[in-house]
Each structure stands twice: as structure tokens, then as C-alpha cells.
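Written out below as C-alpha cells is the structure these notes cover.
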Amino acid sequence: MKGFAVLTQLLFAFTMLQADDSSFITDKEYASQLYHSPRGIGCNKCHGEKGEGKVIATYKHKGEKMRFAPPAINALTAEGFQAAMKERQKGMPRYFLTDEEIRMLYLYLHPKKVVDDNS
């Protein structure tokens with residue numbers, strides 16, 4: 001019976017911890033995970049580790065040297081970043097991100113900024 005009481009108290013404590021607004025993962029950790037794999041392929045694969053952009057492929061088209069190089073995204077304003085994420089971009093997969101996910105991606109690229117929820 002004593003064991004049952006202890007188990008009940010532990011379950012209650014665990015439930016209270018879960019009910020708290022805090023999370024087991026920080027915003028910074030969540031933003032990093034989202035940047036590295038939002039829906040299967042990470043932003044870093046095309047835009048670089050810090051959003052600086054990078055060359056993905058070089059090829060020839062009609063005898064002319066071409067390259068596929070997604071742009072740097074780390075210099076965009078919060079508003080510009082959100083607008084770019086909501087518009088269809090040539091060569092970029094559709095992720096169907098929520099406003100909060102877009103805000104977190106911006107936070108990853110600008111860790112020293114506080115991003116307003118209305119951005």
C-alpha cells in the first residue's frame with residue numbers, strides 16, 4: 001500500500017510538471033532541429049549552416065555553365081523572411097510551415113534577436 005501511495009505521488013508530480021508552460025526543449029534547440037529537418041530535408045542542405053547560401057550543383061545547359069545556388073536567407077528581415085516562406089519559391093520544396101515554425105526558423109538564423117509574435 002505504501003508503494004502505491006509513492007507511485008501516486010510520483011504520477012501527480014509528473015503530471016504537474018507536464019502541465020507547466022515550460023518545455024523539455026528550449027526555443028534554441030527547437031529552432032535548430034526545425035532548421036535541420038523541418039519536413040524531411042533541412043534548410044541547411046541548401047541555405048548553409050548559418051543561412052549564408054551555398055552552391056548545390058553546377059551543370060551545363062545549352063553549352064553554358066550554370067549553377068543551382070539557393071540564396072542567403074540570413075540577411076532577410078523578419079517580415080521579409082516570413083513573406084518569402086509563405087510564397088512559392090522556385091526550386092524550394094513546400095513545407096507548409098506554421099507561423100510559429102517560421103518564427104522559430106528566423107530565431108535560429110538570428111539568435112540574438114527577440115522575434116515578436118506579430119512578425
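Within each chain, counting starts at residue 1; across the C-alpha cells, chains are named A, B, ... in the order shown, with ligands numbered 1 upward in that order.
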Which polymer residues have any atom within 8 Å of an atom of segment 25-31 of chain A, counting only C-alpha atoms, with same-chain residues fewer than 3 positions away left out, as a PyMOL selection string?
chain A and resi 34-35+101+104-105+107-108+111
Residues within 8 Å of segment 85-99 of chain A, please, as a tab-separated table (two decimals) with N, CA and C atoms, in the first residue's frame. Count only C-alpha atoms; anything in the same chain fewer than 4 positions from it doesn't count.
```
chain	number	residue	atom	x	y	z
A	38	PRO	N	12.89	20.42	-41.20
A	38	PRO	CA	11.51	20.87	-40.99
A	38	PRO	C	10.47	19.85	-41.45
A	39	ARG	N	10.68	19.25	-42.57
A	39	ARG	CA	9.75	18.25	-43.09
A	39	ARG	C	10.52	17.26	-43.95
A	81	PHE	N	11.54	37.51	-44.33
A	81	PHE	CA	11.69	36.07	-44.16
A	81	PHE	C	10.32	35.39	-44.16
A	103	ARG	N	8.68	31.63	-37.41
A	103	ARG	CA	9.28	32.49	-36.39
A	103	ARG	C	10.49	31.79	-35.76
```
Contacts of Met66 of chain A within 12 Å, only C-alpha atoms, excl. fewer than 4 positions in-chain, as an mmCIF file with N, CA and C atoms, in the first residue's frame:
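File part06.cif, as written:
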```cif
data_model
loop_
_atom_site.group_PDB
_atom_site.id
_atom_site.type_symbol
_atom_site.label_atom_id
_atom_site.label_comp_id
_atom_site.auth_asym_id
_atom_site.auth_seq_id
_atom_site.Cartn_x
_atom_site.Cartn_y
_atom_site.Cartn_z
ATOM 1 N N VAL A 55 26.315 26.732 -53.057
ATOM 2 C CA VAL A 55 26.133 26.124 -54.372
ATOM 3 C C VAL A 55 25.765 24.658 -54.158
ATOM 4 N N ILE A 56 24.658 24.258 -54.732
ATOM 5 C CA ILE A 56 24.187 22.876 -54.613
ATOM 6 C C ILE A 56 24.666 22.033 -55.788
ATOM 7 N N ALA A 57 24.640 22.628 -56.978
ATOM 8 C CA ALA A 57 25.026 21.872 -58.169
ATOM 9 C C ALA A 57 25.531 22.818 -59.252
ATOM 10 N N THR A 58 26.434 22.311 -60.056
ATOM 11 C CA THR A 58 26.860 23.015 -61.263
ATOM 12 C C THR A 58 26.553 22.088 -62.439
ATOM 13 N N TYR A 59 26.178 22.678 -63.560
ATOM 14 C CA TYR A 59 25.802 21.871 -64.710
ATOM 15 C C TYR A 59 25.907 22.735 -65.963
ATOM 16 N N LYS A 60 25.793 22.089 -67.109
ATOM 17 C CA LYS A 60 25.785 22.813 -68.376
ATOM 18 C C LYS A 60 24.388 22.754 -68.964
ATOM 19 N N HIS A 61 23.947 23.889 -69.460
ATOM 20 C CA HIS A 61 22.651 23.983 -70.127
ATOM 21 C C HIS A 61 22.868 24.706 -71.447
ATOM 22 N N LYS A 62 22.658 23.997 -72.549
ATOM 23 C CA LYS A 62 22.874 24.546 -73.888
ATOM 24 C C LYS A 62 24.288 25.102 -74.013
#
```
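With atom CA of Gly48 of chain A on one side and atom CA of Ala72 of chain A on the other, the separation reads 8.0 Å.
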Separation of atom CA of Arg67 of chain A and atom CA of Gln82 of chain A, in Å?
25.9 Å
Could you tell me how far atom CA of Gly51 of chain A lies from atom CA of Leu109 of chain A, in Å and to one decimal?
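These atoms are spaced 6.5 Å apart.
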Please determine, counting only C-alpha atoms, which residue among A:His110, A:Lys54, A:Lys65, A:Gly40 has the shortest atom-to-atom distance to Ala78 of chain A.
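Looking at the shortest contact to Ala78 of chain A, the residue is A:His110.
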